[in-house]
>>> print(open('upload35.pdb').read())   # PDB, C-alpha atoms
ATOM      1  CA  VAL A  13      61.408 -81.792  -6.431
ATOM      2  CA  LEU A  14      59.337 -79.716  -8.745
ATOM      3  CA  SER A  15      58.126 -82.101 -11.415
ATOM      4  CA  CYS A  16      57.681 -79.312 -13.927
ATOM      5  CA  LEU A  17      61.382 -78.431 -13.650
ATOM      6  CA  THR A  18      62.823 -81.952 -13.407
ATOM      7  CA  LEU A  19      63.818 -83.953 -16.444
ATOM      8  CA  ALA A  20      62.643 -87.561 -16.305
ATOM      9  CA  VAL A  21      66.215 -88.768 -16.849
ATOM     10  CA  ALA A  22      67.201 -87.054 -13.579
ATOM     11  CA  ALA A  23      64.838 -89.417 -11.753
ATOM     12  CA  GLN A  24      66.177 -92.549 -13.427
ATOM     13  CA  ASP A  25      66.640 -95.362 -10.880
ATOM     14  CA  ALA A  26      65.018 -93.214  -8.160
ATOM     15  CA  ASP A  27      61.809 -93.849  -6.257
ATOM     16  CA  VAL A  28      59.195 -91.349  -7.382
ATOM     17  CA  VAL A  29      56.088 -90.786  -5.285
ATOM     18  CA  THR A  30      53.195 -88.849  -6.751
ATOM     19  CA  VAL A  31      49.996 -87.710  -5.081
ATOM     20  CA  GLU A  32      48.346 -90.924  -6.254
ATOM     21  CA  GLY A  33      50.953 -92.887  -4.300
ATOM     22  CA  LEU A  34      50.267 -91.236  -0.947
ATOM     23  CA  ALA A  35      47.320 -93.484  -0.106
ATOM     24  CA  THR A  36      48.107 -96.988   1.152
ATOM     25  CA  ASP A  37      45.840 -99.986   0.671
ATOM     26  CA  GLY A  38      42.901 -97.735  -0.160
ATOM     27  CA  GLU A  39      43.383 -95.594   2.962
ATOM     28  CA  LEU A  40      44.078 -91.903   2.502
ATOM     29  CA  HIS A  41      47.373 -90.523   3.754
ATOM     30  CA  ALA A  42      46.986 -88.445   6.929
ATOM     31  CA  MET A  43      47.629 -85.275   4.915
ATOM     32  CA  GLN A  44      44.967 -86.152   2.343
ATOM     33  CA  ARG A  45      42.493 -86.766   5.175
ATOM     34  CA  ALA A  46      43.457 -83.466   6.855
ATOM     35  CA  PHE A  47      42.949 -81.559   3.593
ATOM     36  CA  LEU A  48      39.443 -83.003   3.396
ATOM     37  CA  ASP A  49      38.739 -82.325   7.085
ATOM     38  CA  HIS A  50      39.914 -78.694   6.808
ATOM     39  CA  ASP A  51      38.339 -78.025   3.381
ATOM     40  CA  ALA A  52      41.823 -77.204   2.091
ATOM     41  CA  PHE A  53      41.347 -78.222  -1.517
ATOM     42  CA  GLN A  54      38.899 -75.635  -2.940
ATOM     43  CA  CYS A  55      38.890 -76.018  -6.757
ATOM     44  CA  GLY A  56      41.461 -78.821  -6.593
ATOM     45  CA  PHE A  57      43.817 -77.511  -9.272
ATOM     46  CA  CYS A  58      46.741 -76.890  -6.890
ATOM     47  CA  THR A  59      45.914 -79.739  -4.509
ATOM     48  CA  PRO A  60      48.417 -82.353  -5.757
ATOM     49  CA  GLY A  61      51.358 -79.953  -5.431
ATOM     50  CA  GLN A  62      50.077 -78.625  -2.125
ATOM     51  CA  LEU A  63      49.745 -82.168  -0.748
ATOM     52  CA  MET A  64      53.206 -83.264  -1.857
ATOM     53  CA  SER A  65      54.803 -80.114  -0.423
ATOM     54  CA  ALA A  66      52.766 -80.444   2.775
ATOM     55  CA  VAL A  67      53.925 -84.034   3.308
ATOM     56  CA  ALA A  68      57.542 -82.919   2.806
ATOM     57  CA  CYS A  69      56.980 -79.948   5.124
ATOM     58  CA  VAL A  70      55.996 -82.229   8.004
ATOM     59  CA  ARG A  71      58.503 -84.966   7.159
ATOM     60  CA  GLU A  72      61.371 -82.480   7.091
ATOM     61  CA  GLY A  73      60.342 -80.795  10.360
ATOM     62  CA  ARG A  74      59.296 -77.491   8.795
ATOM     63  CA  ALA A  75      55.859 -77.271  10.430
ATOM     64  CA  GLY A  76      56.797 -75.838  13.817
ATOM     65  CA  SER A  77      54.572 -72.776  13.479
ATOM     66  CA  PRO A  78      52.045 -71.270  11.067
ATOM     67  CA  ASP A  79      54.712 -68.815   9.880
ATOM     68  CA  GLU A  80      57.158 -71.636   9.190
ATOM     69  CA  ILE A  81      54.470 -73.590   7.319
ATOM     70  CA  ARG A  82      53.578 -70.545   5.225
ATOM     71  CA  GLU A  83      57.246 -69.947   4.378
ATOM     72  CA  TRP A  84      57.812 -73.596   3.416
ATOM     73  CA  MET A  85      54.649 -73.674   1.297
ATOM     74  CA  SER A  86      55.232 -70.276  -0.344
ATOM     75  CA  GLY A  87      56.178 -71.818  -3.701
ATOM     76  CA  ASN A  88      52.713 -73.349  -4.100
ATOM     77  CA  LEU A  89      50.121 -70.968  -5.426
ATOM     78  CA  CYS A  90      46.396 -71.305  -4.747
ATOM     79  CA  ARG A  91      44.124 -69.004  -6.719
ATOM     80  CA  CYS A  92      41.182 -69.882  -4.455
ATOM     81  CA  ALA A  93      43.077 -68.510  -1.439
ATOM     82  CA  ALA A  94      42.662 -71.640   0.682
ATOM     83  CA  TYR A  95      45.891 -70.818   2.495
ATOM     84  CA  PRO A  96      44.375 -70.686   6.009
ATOM     85  CA  GLN A  97      42.779 -74.112   5.526
ATOM     86  CA  ILE A  98      45.979 -75.563   4.027
ATOM     87  CA  THR A  99      48.043 -74.202   6.915
ATOM     88  CA  ALA A 100      45.556 -75.625   9.434
ATOM     89  CA  ALA A 101      45.626 -79.050   7.753
ATOM     90  CA  ILE A 102      49.434 -79.155   7.808
ATOM     91  CA  ALA A 103      49.578 -78.009  11.433
ATOM     92  CA  ASP A 104      47.037 -80.684  12.356
ATOM     93  CA  VAL A 105      49.086 -83.486  10.770
ATOM     94  CA  ALA A 106      52.334 -82.141  12.245
ATOM     95  CA  GLU A 107      50.786 -81.997  15.714
ATOM     96  CA  ARG A 108      49.493 -85.568  15.483
ATOM     97  CA  ALA A 109      52.865 -86.778  14.169
ATOM     98  CA  ALA A 110      54.647 -85.093  17.081
ATOM     99  CA  GLU A 111      52.209 -86.653  19.550
ATOM    100  CA  ASN A 112      52.792 -90.109  18.038
ATOM    101  CA  GLU A 113      56.562 -89.682  18.267
ATOM    102  CA  SER A 114      56.426 -88.593  21.905
ATOM    103  CA  THR A 115      54.104 -91.401  23.007
ATOM    104  CA  PRO A 116      56.029 -94.470  24.209
ATOM    105  CA  ALA A 117      55.267 -97.637  22.273
ATOM    106  CA  GLU A 118      54.621 -99.540  25.528
ATOM    107  CA  SER A 119      51.540 -97.447  26.217
ATOM    108  CA  GLY A 120      49.957 -98.328  22.908
ATOM    109  CA  GLY A 121      51.214 -95.242  21.072
ATOM    110  CA  GLY A 122      54.243 -94.779  18.929
ATOM    111  CA  ARG A 123      54.640 -94.956  15.207
ATOM    112  CA  SER A 124      52.422 -97.067  13.067
TER     113      SER A 124
END
>>> encode(input="upload35.pdb", output="structure tokens")
Amino acid sequence: VLSCLTLAVAAQDADVVTVEGLATDGELHAMQRAFLDHDAFQCGFCTPGQLMSAVACVREGRAGSPDEIREWMSGNLCRCAAYPQITAAIADVAERAAENESTPAESGGGRS
């Protein structure tokens, strides 16, 4: 949800994850790491919203192509124009997630 348009009372009794909650046990979330690897953060002002939308984009299966990623992410504005890097970071995470899902657990792959 868009935090700027959501009243706090609407989230009562719900789990709320913010960008600070993406990392686990001091390890960056795969999307945070990809943003760093692809230099997708530029000035950093839009980064939290971009990251949260990017995680949802992959989780909800909306990262099948660069065009689909761009459409899904179109509500997030970046004044530094880091869109190519953001799209590449999302595609990278989506590709790795798809590879992990298609790798049988018996062969040492699978979900972690």
>>> resolve_selection(input="upload35.pdb", expression="the PyMOL selection byres ((chain A and resi 84) around 9)", output="PyMOL selection string")
chain A and resi 65-66+69+74-75+79-83+85-87
>>> write_last_selection(input="upload35.pdb", atoms="C-alpha atoms", output="compact mmCIF listing (two decimals), in the coordinates of the input")
# COMPACT_ATOMS: atom_id res chain seq x y z
CA SER A 65 54.80 -80.11 -0.42
CA ALA A 66 52.77 -80.44 2.78
CA CYS A 69 56.98 -79.95 5.12
CA ARG A 74 59.30 -77.49 8.80
CA ALA A 75 55.86 -77.27 10.43
CA ASP A 79 54.71 -68.82 9.88
CA GLU A 80 57.16 -71.64 9.19
CA ILE A 81 54.47 -73.59 7.32
CA ARG A 82 53.58 -70.54 5.22
CA GLU A 83 57.25 -69.95 4.38
CA MET A 85 54.65 -73.67 1.30
CA SER A 86 55.23 -70.28 -0.34
CA GLY A 87 56.18 -71.82 -3.70
>>> closest_residue(input="upload35.pdb", among="A:Ala110, A:Ala35, A:Ala23, A:Leu48", to="Ile98 (chain A)", atoms="all atoms listed in the file")
A:Leu48
>>> closest_residue(input="upload35.pdb", among="A:Val13, A:Ala42, A:Met64, A:Val21", to="Glu107 (chain A)", atoms="all atoms listed in the file")
A:Ala42
>>> atom_distance(input="upload35.pdb", atom1="CA of Val31 (chain A)", atom2="CA of Pro60 (chain A)")
5.6 Å
>>> atom_distance(input="upload35.pdb", atom1="CA of Gly73 (chain A)", atom2="CA of Met43 (chain A)")
14.5 Å
>>> atom_distance(input="upload35.pdb", atom1="CA of Ala106 (chain A)", atom2="CA of Ser77 (chain A)")
9.7 Å
>>> decode(input="upload35.pdb", residues="region 68-80 of chain A", atoms="all heavy atoms", output="CSV table (one decimal), in the first residue's frame")
chain,number,residue,atom,x,y,z
A,68,ALA,N,7.5,-6.3,-4.0
A,68,ALA,CA,6.1,-6.7,-4.4
A,68,ALA,C,6.0,-7.1,-5.8
A,68,ALA,O,5.3,-8.1,-6.2
A,68,ALA,CB,5.2,-5.6,-4.1
A,69,CYS,N,6.7,-6.4,-6.7
A,69,CYS,CA,6.7,-6.7,-8.1
A,69,CYS,C,7.2,-8.2,-8.4
A,69,CYS,O,6.5,-8.9,-9.1
A,69,CYS,CB,7.6,-5.7,-8.9
A,69,CYS,SG,7.9,-6.0,-10.6
A,70,VAL,N,8.3,-8.5,-7.8
A,70,VAL,CA,8.8,-9.9,-7.9
A,70,VAL,C,7.9,-10.9,-7.2
A,70,VAL,O,7.5,-11.9,-7.8
A,70,VAL,CB,10.2,-10.0,-7.4
A,70,VAL,CG1,10.7,-11.5,-7.4
A,70,VAL,CG2,11.1,-9.2,-8.3
A,71,ARG,N,7.5,-10.6,-6.0
A,71,ARG,CA,6.7,-11.5,-5.2
A,71,ARG,C,5.3,-11.8,-5.9
A,71,ARG,O,4.8,-12.9,-5.8
A,71,ARG,CB,6.4,-10.9,-3.8
A,71,ARG,CG,5.6,-11.8,-2.9
A,71,ARG,CD,5.3,-11.2,-1.5
A,71,ARG,NE,4.4,-10.1,-1.7
A,71,ARG,CZ,4.7,-8.8,-1.3
A,71,ARG,NH1,5.8,-8.6,-0.6
A,71,ARG,NH2,3.8,-7.8,-1.5
A,72,GLU,N,4.8,-10.8,-6.5
A,72,GLU,CA,3.5,-11.0,-7.2
A,72,GLU,C,3.6,-11.4,-8.6
A,72,GLU,O,2.6,-11.4,-9.3
A,72,GLU,CB,2.7,-9.7,-7.0
A,72,GLU,CG,2.4,-9.4,-5.5
A,72,GLU,CD,1.6,-8.1,-5.3
A,72,GLU,OE1,0.9,-7.6,-6.3
A,72,GLU,OE2,1.5,-7.7,-4.2
A,73,GLY,N,4.8,-11.8,-9.1
A,73,GLY,CA,5.0,-12.3,-10.4
A,73,GLY,C,4.8,-11.3,-11.5
A,73,GLY,O,4.4,-11.6,-12.6
A,74,ARG,N,5.1,-10.0,-11.3
A,74,ARG,CA,5.0,-8.9,-12.2
A,74,ARG,C,6.3,-8.5,-12.9
A,74,ARG,O,6.4,-7.4,-13.4
A,74,ARG,CB,4.4,-7.7,-11.6
A,74,ARG,CG,3.1,-8.0,-10.8
A,74,ARG,CD,2.0,-8.2,-11.7
A,74,ARG,NE,0.7,-8.4,-10.9
A,74,ARG,CZ,-0.4,-8.4,-11.4
A,74,ARG,NH1,-0.6,-8.3,-12.7
A,74,ARG,NH2,-1.5,-8.5,-10.7
A,75,ALA,N,7.3,-9.4,-12.8
A,75,ALA,CA,8.6,-9.1,-13.4
A,75,ALA,C,9.0,-10.0,-14.5
A,75,ALA,O,10.2,-10.4,-14.7
A,75,ALA,CB,9.7,-9.2,-12.2
A,76,GLY,N,8.1,-10.3,-15.4
A,76,GLY,CA,8.3,-11.2,-16.5
A,76,GLY,C,9.1,-10.6,-17.6
A,76,GLY,O,9.7,-11.3,-18.4
A,77,SER,N,9.1,-9.3,-17.7
A,77,SER,CA,9.8,-8.6,-18.8
A,77,SER,C,10.1,-7.2,-18.4
A,77,SER,O,9.5,-6.7,-17.4
A,77,SER,CB,9.0,-8.6,-20.1
A,77,SER,OG,7.9,-7.7,-19.9
A,78,PRO,N,11.1,-6.6,-19.0
A,78,PRO,CA,11.4,-5.2,-18.7
A,78,PRO,C,10.1,-4.3,-18.8
A,78,PRO,O,9.9,-3.4,-18.0
A,78,PRO,CB,12.5,-4.8,-19.7
A,78,PRO,CG,13.2,-6.1,-19.9
A,78,PRO,CD,12.1,-7.1,-20.0
A,79,ASP,N,9.3,-4.5,-19.8
A,79,ASP,CA,8.1,-3.7,-20.0
A,79,ASP,C,7.1,-3.9,-18.8
A,79,ASP,O,6.5,-3.0,-18.4
A,79,ASP,CB,7.4,-4.0,-21.3
A,79,ASP,CG,8.1,-3.5,-22.5
A,79,ASP,OD1,8.9,-2.5,-22.4
A,79,ASP,OD2,7.9,-4.0,-23.6
A,80,GLU,N,7.0,-5.1,-18.4
A,80,GLU,CA,6.1,-5.4,-17.3
A,80,GLU,C,6.6,-4.8,-16.0
A,80,GLU,O,5.9,-4.2,-15.2
A,80,GLU,CB,5.9,-6.9,-17.1
A,80,GLU,CG,4.9,-7.3,-16.1
A,80,GLU,CD,4.7,-8.8,-16.0
A,80,GLU,OE1,5.6,-9.6,-16.4
A,80,GLU,OE2,3.6,-9.2,-15.5
